[in-house]
Structure formats: structure tokens, C-alpha cells
file my_file19.cif (mmCIF, C-alpha atoms)
data_coords
loop_
_atom_site.label_atom_id
_atom_site.label_comp_id
_atom_site.auth_asym_id
_atom_site.auth_seq_id
_atom_site.Cartn_x
_atom_site.Cartn_y
_atom_site.Cartn_z
CA MET H 1381 192.13 43.35 -221.19
CA ARG H 1382 195.11 41.25 -220.02
CA ILE H 1383 194.17 37.56 -220.22
CA LEU H 1384 197.28 35.73 -218.92
CA LEU H 1385 197.76 33.55 -221.98
CA PRO H 1386 199.93 30.90 -220.26
CA LEU H 1387 197.14 30.25 -217.80
CA LEU H 1388 194.55 29.89 -220.54
CA LEU H 1389 196.75 27.48 -222.44
CA THR H 1390 197.11 25.28 -219.37
CA LEU H 1391 193.54 25.43 -218.09
CA LEU H 1392 192.38 21.97 -217.30
CA LEU H 1393 188.79 22.17 -218.33
CA SER H 1394 187.98 18.48 -218.34
CA ALA H 1395 184.84 18.95 -216.34
CA ALA H 1396 183.01 15.72 -217.01
CA ALA H 1397 180.87 14.56 -214.13
CA TYR H 1398 182.09 11.39 -212.51
CA SER H 1399 179.24 9.47 -210.92
CA ASP H 1400 180.23 7.03 -208.21
CA PRO H 1401 177.31 6.68 -205.79
CA GLN H 1402 178.43 5.50 -202.39
CA PRO H 1403 175.35 4.96 -200.23
CA GLY H 1404 176.07 5.64 -196.62
CA SER H 1405 179.60 6.90 -197.18
CA ASN H 1406 181.11 9.57 -194.99
CA PRO H 1407 182.22 12.53 -197.16
CA GLY H 1408 184.82 13.60 -194.65
CA GLU H 1409 186.41 10.15 -194.67
CA SER H 1410 186.16 9.65 -198.44
CA PHE H 1411 187.63 12.96 -199.52
CA GLY H 1412 189.62 14.14 -196.53
CA PRO H 1413 192.98 14.61 -198.31
CA TYR H 1414 191.61 17.37 -200.52
CA PRO H 1415 191.22 20.81 -198.96
CA SER H 1416 187.71 22.21 -198.70
CA ILE H 1417 186.68 25.49 -200.28
CA ASP H 1418 183.93 26.48 -197.90
CA ASP H 1419 184.08 30.25 -197.66
CA ALA H 1420 180.79 32.12 -197.65
CA GLU H 1421 181.26 33.60 -201.14
CA THR H 1422 181.82 30.22 -202.78
CA GLN H 1423 178.91 28.62 -200.98
CA ALA H 1424 176.63 31.50 -201.95
CA PHE H 1425 177.73 31.12 -205.59
CA VAL H 1426 176.84 27.41 -205.44
CA ARG H 1427 173.40 28.11 -204.00
CA LEU H 1428 172.60 30.84 -206.49
CA GLY H 1429 174.03 28.83 -209.36
CA LEU H 1430 172.00 25.74 -208.55
CA ALA H 1431 168.81 27.78 -208.28
CA TYR H 1432 169.57 29.39 -211.64
CA ALA H 1433 170.36 26.03 -213.28
CA ILE H 1434 167.05 24.64 -212.02
CA ALA H 1435 165.20 27.66 -213.38
CA LEU H 1436 166.79 27.13 -216.80
CA TYR H 1437 166.88 23.34 -217.10
CA GLY H 1438 164.50 21.81 -214.58
CA GLU H 1439 164.70 19.95 -211.29
CA PRO H 1440 167.69 17.73 -210.44
CA TRP H 1441 167.46 14.03 -211.22
CA MET H 1442 168.04 13.31 -207.52
CA PRO H 1443 167.73 15.69 -204.54
CA VAL H 1444 170.69 17.99 -203.91
CA ASN H 1445 170.81 18.68 -200.19
CA ARG H 1446 174.45 19.54 -199.65
CA VAL H 1447 177.32 20.45 -201.97
CA LEU H 1448 180.93 20.16 -200.84
CA VAL H 1449 183.56 22.04 -202.85
CA LYS H 1450 187.14 20.83 -202.75
CA TYR H 1451 190.44 21.57 -204.45
CA LYS H 1452 192.00 18.67 -206.35
CA PRO H 1453 194.87 19.53 -208.69
CA SER H 1454 194.73 18.25 -212.26
CA GLN H 1455 191.02 17.76 -212.79
CA ALA H 1456 187.59 19.29 -212.21
CA PHE H 1457 184.60 17.00 -211.78
CA THR H 1458 181.41 16.42 -209.82
CA GLN H 1459 180.72 13.28 -207.83
CA VAL H 1460 177.71 11.82 -206.08
CA THR H 1461 179.17 11.34 -202.61
CA ASP H 1462 176.17 10.10 -200.65
CA ALA H 1463 173.12 9.48 -202.82
CA PRO H 1464 170.58 8.67 -200.06
CA ASN H 1465 171.38 11.94 -198.29
CA GLY H 1466 171.74 14.06 -201.43
CA ILE H 1467 175.39 14.96 -200.83
CA PHE H 1468 177.58 15.90 -203.80
CA THR H 1469 181.22 16.91 -204.06
CA ILE H 1470 182.54 19.33 -206.66
CA PHE H 1471 186.28 19.08 -207.21
CA LEU H 1472 188.03 22.03 -208.83
CA SER H 1473 191.53 22.06 -210.26
CA ARG H 1474 191.92 25.82 -209.81
CA ARG H 1475 192.20 27.80 -206.60
CA LYS H 1476 189.89 30.67 -205.84
CA ASP H 1477 192.48 33.30 -206.75
CA GLU H 1478 192.91 31.85 -210.26
CA TYR H 1479 191.01 33.07 -213.29
CA ALA H 1480 189.45 29.70 -214.12
CA PHE H 1481 187.92 29.11 -210.67
CA TYR H 1482 184.43 30.49 -211.20
CA GLY H 1483 184.11 29.17 -214.74
CA GLN H 1484 184.94 25.67 -213.56
CA LEU H 1485 182.63 26.01 -210.57
CA ALA H 1486 179.69 27.21 -212.69
CA HIS H 1487 180.14 24.33 -215.16
CA GLU H 1488 180.21 21.83 -212.30
CA ILE H 1489 177.14 23.34 -210.65
CA ALA H 1490 175.19 22.47 -213.80
CA HIS H 1491 176.34 18.85 -213.40
CA LEU H 1492 174.42 18.75 -210.11
CA LEU H 1493 171.22 18.49 -212.13
CA ASN H 1494 172.30 15.01 -213.20
CA ALA H 1495 175.80 13.89 -212.31
CA GLN H 1496 175.24 10.54 -214.04
CA VAL H 1497 175.10 11.96 -217.58
CA PHE H 1498 178.35 11.40 -219.50
CA ASP H 1499 177.29 13.01 -222.75
CA ALA H 1500 178.64 15.62 -225.16
CA TYR H 1501 175.33 17.48 -225.30
CA ALA H 1502 175.28 17.88 -221.52
CA GLU H 1503 178.90 19.04 -221.43
CA GLY H 1504 178.20 21.73 -224.00
CA LEU H 1505 175.04 22.77 -222.20
CA ASN H 1506 176.93 23.07 -218.92
CA THR H 1507 179.53 25.33 -220.51
CA VAL H 1508 176.77 27.51 -221.95
CA PHE H 1509 175.35 27.65 -218.43
CA ALA H 1510 178.77 28.65 -217.08
CA GLU H 1511 178.79 31.60 -219.47
CA GLN H 1512 175.30 32.62 -218.40
CA MET H 1513 176.09 32.23 -214.71
CA LEU H 1514 179.34 34.18 -214.82
CA LYS H 1515 177.70 37.04 -216.65
CA ARG H 1516 174.75 36.96 -214.26
CA ALA H 1517 177.16 37.16 -211.31
CA GLY H 1518 179.14 40.01 -212.87
CA LYS H 1519 182.23 37.89 -213.46
CA ASP H 1520 184.44 37.77 -216.53
CA TRP H 1521 183.75 35.32 -219.37
CA ARG H 1522 185.98 36.90 -222.02
CA GLY H 1523 189.02 34.77 -221.26
CA TRP H 1524 187.04 31.58 -221.65
CA GLU H 1525 185.50 32.80 -224.90
CA ALA H 1526 188.93 33.63 -226.28
CA HIS H 1527 190.27 30.25 -225.17
CA TYR H 1528 187.46 28.36 -226.88
CA ARG H 1529 187.69 30.41 -230.06
CA LYS H 1530 191.36 29.44 -230.31
CA HIS H 1531 190.24 25.81 -229.82
CA GLY H 1532 192.77 25.37 -227.05
CA ASP H 1533 190.47 22.69 -225.67
CA PRO H 1534 188.86 21.04 -228.71
CA PHE H 1535 186.11 19.02 -227.01
CA TYR H 1536 184.84 21.77 -224.73
CA ALA H 1537 185.17 24.37 -227.48
CA ALA H 1538 183.24 22.27 -229.99
CA THR H 1539 180.47 21.27 -227.58
CA TYR H 1540 180.15 24.81 -226.23
CA PHE H 1541 179.65 26.36 -229.67
CA MET H 1542 177.29 23.57 -230.69
CA MET H 1543 175.04 23.93 -227.66
CA LYS H 1544 175.18 27.72 -227.72
CA GLU H 1545 173.74 27.69 -231.24
CA VAL H 1546 171.30 24.88 -230.42
CA SER H 1547 170.04 26.89 -227.44
CA SER H 1548 169.58 29.92 -229.65
CA VAL H 1549 167.50 28.13 -232.28
CA ALA H 1550 165.57 25.83 -229.92
CA GLY H 1551 164.60 28.47 -227.35
CA ALA H 1552 164.52 28.47 -223.56
CA ASP H 1553 161.37 26.37 -223.16
CA SER H 1554 162.81 23.58 -225.29
CA MET H 1555 166.21 23.64 -223.58
CA ARG H 1556 164.48 23.20 -220.26
CA MET H 1557 163.43 19.72 -221.44
CA LEU H 1558 166.81 18.47 -222.68
CA LEU H 1559 167.99 16.82 -219.46
CA ALA H 1560 164.57 15.21 -219.04
CA HIS H 1561 165.66 12.99 -221.95
CA ALA H 1562 168.62 11.54 -220.05
CA THR H 1563 168.49 7.76 -220.49
CA PRO H 1564 170.52 4.94 -218.87
CA GLU H 1565 173.14 3.33 -221.05
CA PRO H 1566 171.99 -0.26 -221.85
CA ALA H 1567 175.34 -1.79 -220.91
CA ALA H 1568 176.01 0.47 -217.93
CA PRO H 1569 172.77 1.84 -216.43
CA GLU H 1570 174.65 3.88 -213.83
CA ARG H 1571 175.77 6.10 -216.73
CA MET H 1572 173.32 8.09 -218.81
CA TYR H 1573 173.17 9.67 -222.25
CA ILE H 1574 170.88 12.23 -223.89
CA ASP H 1575 168.19 10.69 -226.10
CA ILE H 1576 168.61 13.36 -228.74
CA ASP H 1577 165.93 11.95 -231.05
CA GLY H 1578 163.44 11.89 -228.20
CA TRP H 1579 164.24 15.49 -227.34
CA ILE H 1580 164.06 16.71 -230.94
CA GLY H 1581 160.75 14.89 -231.31
CA SER H 1582 159.39 16.87 -228.36
CA LEU H 1583 160.17 20.21 -230.03
CA PRO H 1584 157.63 22.26 -231.96
CA SER H 1585 157.61 20.86 -235.49
CA ALA H 1586 158.84 24.14 -236.97
CA LYS H 1587 162.09 23.88 -234.97
CA ARG H 1588 162.99 20.23 -235.43
CA ASP H 1589 164.85 20.41 -238.73
CA THR H 1590 166.72 23.56 -237.74
CA VAL H 1591 167.91 22.03 -234.47
CA LYS H 1592 168.85 18.76 -236.18
CA ASN H 1593 170.81 20.55 -238.91
CA THR H 1594 172.58 22.69 -236.32
CA ILE H 1595 173.76 19.58 -234.46
CA LEU H 1596 174.88 17.87 -237.66
CA LYS H 1597 176.81 20.96 -238.70
CA HIS H 1598 178.78 21.00 -235.45
CA ALA H 1599 179.21 17.23 -235.32
CA ALA H 1600 182.15 17.46 -237.72
CA LYS H 1601 184.15 19.09 -234.91
CA VAL H 1602 182.57 17.38 -231.91
CA LYS H 1603 183.06 13.78 -233.06
CA PRO H 1604 186.85 13.87 -233.55
CA ALA H 1605 187.21 15.87 -230.33
CA MET H 1606 185.59 13.00 -228.40
CA ASP H 1607 188.97 11.27 -228.61
CA THR H 1608 190.52 13.98 -226.43
CA VAL H 1609 188.38 13.18 -223.36
CA THR H 1610 188.12 9.97 -221.39
CA GLN H 1611 185.00 10.27 -219.25
CA VAL H 1612 182.49 11.51 -221.85
CA ASN H 1613 181.56 8.52 -223.96
CA SER H 1614 178.29 9.43 -225.66
CA PHE H 1615 177.45 11.63 -228.62
CA ARG H 1616 174.50 10.14 -230.47
CA LEU H 1617 173.61 11.98 -233.65
CA PRO H 1618 169.99 12.63 -234.61
CA ARG H 1619 168.48 10.30 -237.17
CA GLN H 1620 168.90 11.71 -240.68
#
call {"tool": "encode", "arguments": {"input": "my_file19.cif", "output": "C-alpha cells"}}
result
Amino acid sequence: MRILLPLLLTLLLSAAAYSDPQPGSNPGESFGPYPSIDDAETQAFVRLGLAYAIALYGEPWMPVNRVLVKYKPSQAFTQVTDAPNGIFTIFLSRRKDEYAFYGQLAHEIAHLLNAQVFDAYAEGLNTVFAEQMLKRAGKDWRGWEAHYRKHGDPFYAATYFMMKEVSSVAGADSMRMLLAHATPEPAAPERMYIDIDGWIGSLPSAKRDTVKNTILKHAAKVKPAMDTVTQVNSFRLPRQ
């Protein structure tokens, strides 16, 4: 397999969800300068991906009625464009003919479930979802796996491996409840974090210690990597 190493080393995978609700805003006016990616294949991938994310992790925090996809060099993120009408915009930093396009898109689709969560657990979960979605769609994940194993992107590598192992030990039914424990930040209620103690407390008792120990094991890499991202500001450890 030829992975185009220079591309992988320059992938901008900072896929944190920005949440900037703008009730009544006009998406065309707000985001006109950025070209739309509205071909049938991309739109079908968004629809299938959202349905798959809902099946795995539950219903969105707010209705998702329309998803715009746009190209914006330098950063990938998801934004609430028009909350009352359920309109979201996914910005991607890679064009459709680039390797990273579908991986970025799949990660951002998972953010549609709650674009107001700015949390390390959610970022890792969304990257795990990207892996699942790409494989489900018959697309390549090997380049991303190689990139993360080389820790070319410390935060997304660390959170991906943490949540991949957490998902394995917790099980699908438990992972479906993780985003249900999203909680508003006391000082900034428009931003949310994962109440990890609440979620662990909801698990079958036989799994709680294993999940907690798995998180604590990975925390040694996740915590210092938090300094490499600007928009993800929460990583609360379970009580010990």
C-alpha cells in the first residue's frame, strides 16, 4: 500500500466541533465565501453516516434537518448554523480527491449528534466512529491508523486509542449512553462536557472498574496532548 507520507504528516485533523448557534441566520449569507461540496455521493455519505451514528450512539441532542458541507482550508469543524431550523455546516480542510476527505467527514458527522460538546472523550469516540464508518462504506482506514500509531497528531491519536479500548471493554450498549451524559459547563453553558463519573456509574457494576482503569491508563498520554488543541477544553478523569 502506498500511503503518501507527506500528506499524512500534514493532515490537519483538528476536528473539534465549534458551536456557534445563530438563530435565524441565513447559511448562504454566513458561509458564502467557502465552496460547497454538494455532490450526490457526499450527501449520501452524510445521510448514511448520520443514520449509523444514531444507531450506535443515540438520537442527536437537537434535530438535524439539513447538513451543509463546505471546503475551508486549514481546519475541519462542525457548526450549528441555524439551531431553530436544524441546519448544520460541516467544514472540511481536505478536498474530495484527497485521502483525508472521508475520514474528516465521518468524524464530523459524529459531531452532529451534539455539536456543543468540546470534550476529549467525544473527540476520541468520533474518531472511532470514523474508523467504523469508513470500513462500513468500503473506504480505506489504514493510512489513518498508521498516522495515529506514529503519533503524528498526539491529541487525536491518544483519544482515539483511549476510546477504542474503552468501547471494547464497555460494549455497544454502554457506549450508546455516553453522549447522554453531556452536561453544560458551569461557566459557559453553551459548551458541554462528558460527565464521565455519571456514565461510569450507569454501567453494569462488573464493567465499572475496568472502564475506569482503561481511561486512567490512557490519561497519561491524553492529558499532555490537550495542550496541542485549542477548542477542546475538557477531559475530566473518573474519581479514583
call {"tool": "resolve_selection", "arguments": {"input": "my_file19.cif", "expression": "the PyMOL selection byres ((chain H and resi 1516) around 12)", "output": "short mmCIF file (atom, residue, chain, number, x, y, z; two decimals) with C-alpha atoms, in the coordinates of the input"}}
result
data_model
loop_
_atom_site.label_atom_id
_atom_site.label_comp_id
_atom_site.auth_asym_id
_atom_site.auth_seq_id
_atom_site.Cartn_x
_atom_site.Cartn_y
_atom_site.Cartn_z
CA PHE H 1425 177.73 31.12 -205.59
CA LEU H 1428 172.60 30.84 -206.49
CA GLY H 1429 174.03 28.83 -209.36
CA TYR H 1432 169.57 29.39 -211.64
CA ALA H 1433 170.36 26.03 -213.28
CA ALA H 1486 179.69 27.21 -212.69
CA PHE H 1509 175.35 27.65 -218.43
CA ALA H 1510 178.77 28.65 -217.08
CA GLU H 1511 178.79 31.60 -219.47
CA GLN H 1512 175.30 32.62 -218.40
CA MET H 1513 176.09 32.23 -214.71
CA LEU H 1514 179.34 34.18 -214.82
CA LYS H 1515 177.70 37.04 -216.65
CA ALA H 1517 177.16 37.16 -211.31
CA GLY H 1518 179.14 40.01 -212.87
CA LYS H 1519 182.23 37.89 -213.46
CA ASP H 1520 184.44 37.77 -216.53
CA TRP H 1521 183.75 35.32 -219.37
#
call {"tool": "resolve_selection", "arguments": {"input": "my_file19.cif", "expression": "the PyMOL selection byres ((chain H and resi 1557) around 9)", "output": "list in words"}}
result
Tyr1437, Gly1438, Asp1553, Ser1554, Met1555, Arg1556, Leu1558, Leu1559, Ala1560, His1561, Trp1579 and Ser1582 of chain H
call {"tool": "resolve_selection", "arguments": {"input": "my_file19.cif", "expression": "the PyMOL selection byres ((chain H and resi 1524-1539) around 6)", "output": "list of chain:residue names"}}
result
H:Gly1504, H:Trp1521, H:Arg1522, H:Gly1523, H:Tyr1540, H:Phe1541, H:Met1542, H:Lys1601, H:Val1602, H:Ala1605
call {"tool": "atom_distance", "arguments": {"input": "my_file19.cif", "atom1": "CA of Met1606 in chain H", "atom2": "CA of Leu1505 in chain H"}}
result
15.7 Å
call {"tool": "closest_residue", "arguments": {"input": "my_file19.cif", "among": "H:Asn1494, H:Gln1611, H:Gln1620, H:Thr1590", "to": "Ala1550 in chain H", "atoms": "all atoms listed in the file"}}
result
H:Thr1590
call {"tool": "atom_distance", "arguments": {"input": "my_file19.cif", "atom1": "CA of Ala1480 in chain H", "atom2": "CA of Lys1544 in chain H"}}
result
19.8 Å
call {"tool": "residues_around", "arguments": {"input": "my_file19.cif", "residues": "range 1421-1424 of chain H", "least_positions_apart": "3", "cutoff": "12 Å", "atoms": "only C-alpha atoms", "output": "PyMOL selection string"}}
result
chain H and resi 1416-1418+1427-1431+1446-1450+1470+1472+1475-1477+1481-1482+1485-1486+1489+1517
call {"tool": "build_atoms", "arguments": {"input": "my_file19.cif", "residues": "range 1436-1455 of chain H", "atoms": "N, CA and C atoms", "output": "PDB file, in the coordinates of the input"}}
result
ATOM      1  N   LEU H1436     166.554  27.263-215.363  1.00  0.00           N
ATOM      2  CA  LEU H1436     166.790  27.130-216.800  1.00  0.00           C
ATOM      3  C   LEU H1436     166.491  25.741-217.325  1.00  0.00           C
ATOM      4  N   TYR H1437     166.852  24.695-216.549  1.00  0.00           N
ATOM      5  CA  TYR H1437     166.880  23.340-217.100  1.00  0.00           C
ATOM      6  C   TYR H1437     166.085  22.314-216.308  1.00  0.00           C
ATOM      7  N   GLY H1438     165.361  22.733-215.289  1.00  0.00           N
ATOM      8  CA  GLY H1438     164.500  21.810-214.580  1.00  0.00           C
ATOM      9  C   GLY H1438     165.096  21.254-213.302  1.00  0.00           C
ATOM     10  N   GLU H1439     164.307  20.485-212.587  1.00  0.00           N
ATOM     11  CA  GLU H1439     164.700  19.950-211.290  1.00  0.00           C
ATOM     12  C   GLU H1439     165.799  18.897-211.430  1.00  0.00           C
ATOM     13  N   PRO H1440     166.643  18.760-210.401  1.00  0.00           N
ATOM     14  CA  PRO H1440     167.690  17.730-210.440  1.00  0.00           C
ATOM     15  C   PRO H1440     167.103  16.324-210.512  1.00  0.00           C
ATOM     16  N   TRP H1441     167.878  15.419-211.093  1.00  0.00           N
ATOM     17  CA  TRP H1441     167.460  14.030-211.220  1.00  0.00           C
ATOM     18  C   TRP H1441     167.332  13.366-209.860  1.00  0.00           C
ATOM     19  N   MET H1442     168.173  13.757-208.895  1.00  0.00           N
ATOM     20  CA  MET H1442     168.040  13.310-207.520  1.00  0.00           C
ATOM     21  C   MET H1442     168.211  14.537-206.610  1.00  0.00           C
ATOM     22  N   PRO H1443     167.651  14.508-205.411  1.00  0.00           N
ATOM     23  CA  PRO H1443     167.730  15.690-204.540  1.00  0.00           C
ATOM     24  C   PRO H1443     169.171  16.116-204.273  1.00  0.00           C
ATOM     25  N   VAL H1444     169.384  17.421-204.245  1.00  0.00           N
ATOM     26  CA  VAL H1444     170.690  17.990-203.910  1.00  0.00           C
ATOM     27  C   VAL H1444     170.527  18.720-202.583  1.00  0.00           C
ATOM     28  N   ASN H1445     170.988  18.112-201.525  1.00  0.00           N
ATOM     29  CA  ASN H1445     170.810  18.680-200.190  1.00  0.00           C
ATOM     30  C   ASN H1445     172.052  19.380-199.670  1.00  0.00           C
ATOM     31  N   ARG H1446     173.200  18.935-200.132  1.00  0.00           N
ATOM     32  CA  ARG H1446     174.450  19.540-199.650  1.00  0.00           C
ATOM     33  C   ARG H1446     175.499  19.402-200.736  1.00  0.00           C
ATOM     34  N   VAL H1447     176.267  20.466-200.951  1.00  0.00           N
ATOM     35  CA  VAL H1447     177.320  20.450-201.970  1.00  0.00           C
ATOM     36  C   VAL H1447     178.638  20.823-201.304  1.00  0.00           C
ATOM     37  N   LEU H1448     179.573  19.901-201.320  1.00  0.00           N
ATOM     38  CA  LEU H1448     180.930  20.160-200.840  1.00  0.00           C
ATOM     39  C   LEU H1448     181.766  20.622-202.023  1.00  0.00           C
ATOM     40  N   VAL H1449     182.643  21.568-201.805  1.00  0.00           N
ATOM     41  CA  VAL H1449     183.560  22.040-202.850  1.00  0.00           C
ATOM     42  C   VAL H1449     184.974  21.825-202.347  1.00  0.00           C
ATOM     43  N   LYS H1450     185.778  21.146-203.157  1.00  0.00           N
ATOM     44  CA  LYS H1450     187.140  20.830-202.750  1.00  0.00           C
ATOM     45  C   LYS H1450     188.121  21.121-203.881  1.00  0.00           C
ATOM     46  N   TYR H1451     189.361  21.332-203.495  1.00  0.00           N
ATOM     47  CA  TYR H1451     190.440  21.570-204.450  1.00  0.00           C
ATOM     48  C   TYR H1451     191.192  20.277-204.704  1.00  0.00           C
ATOM     49  N   LYS H1452     191.270  19.882-205.971  1.00  0.00           N
ATOM     50  CA  LYS H1452     192.000  18.670-206.350  1.00  0.00           C
ATOM     51  C   LYS H1452     192.790  18.981-207.611  1.00  0.00           C
ATOM     52  N   PRO H1453     194.080  19.169-207.507  1.00  0.00           N
ATOM     53  CA  PRO H1453     194.870  19.530-208.690  1.00  0.00           C
ATOM     54  C   PRO H1453     194.701  18.517-209.810  1.00  0.00           C
ATOM     55  N   SER H1454     194.697  19.014-211.006  1.00  0.00           N
ATOM     56  CA  SER H1454     194.730  18.250-212.260  1.00  0.00           C
ATOM     57  C   SER H1454     193.387  17.965-212.877  1.00  0.00           C
ATOM     58  N   GLN H1455     192.283  18.062-212.142  1.00  0.00           N
ATOM     59  CA  GLN H1455     191.020  17.760-212.790  1.00  0.00           C
ATOM     60  C   GLN H1455     189.841  18.345-212.038  1.00  0.00           C
TER      61      GLN H1455
END
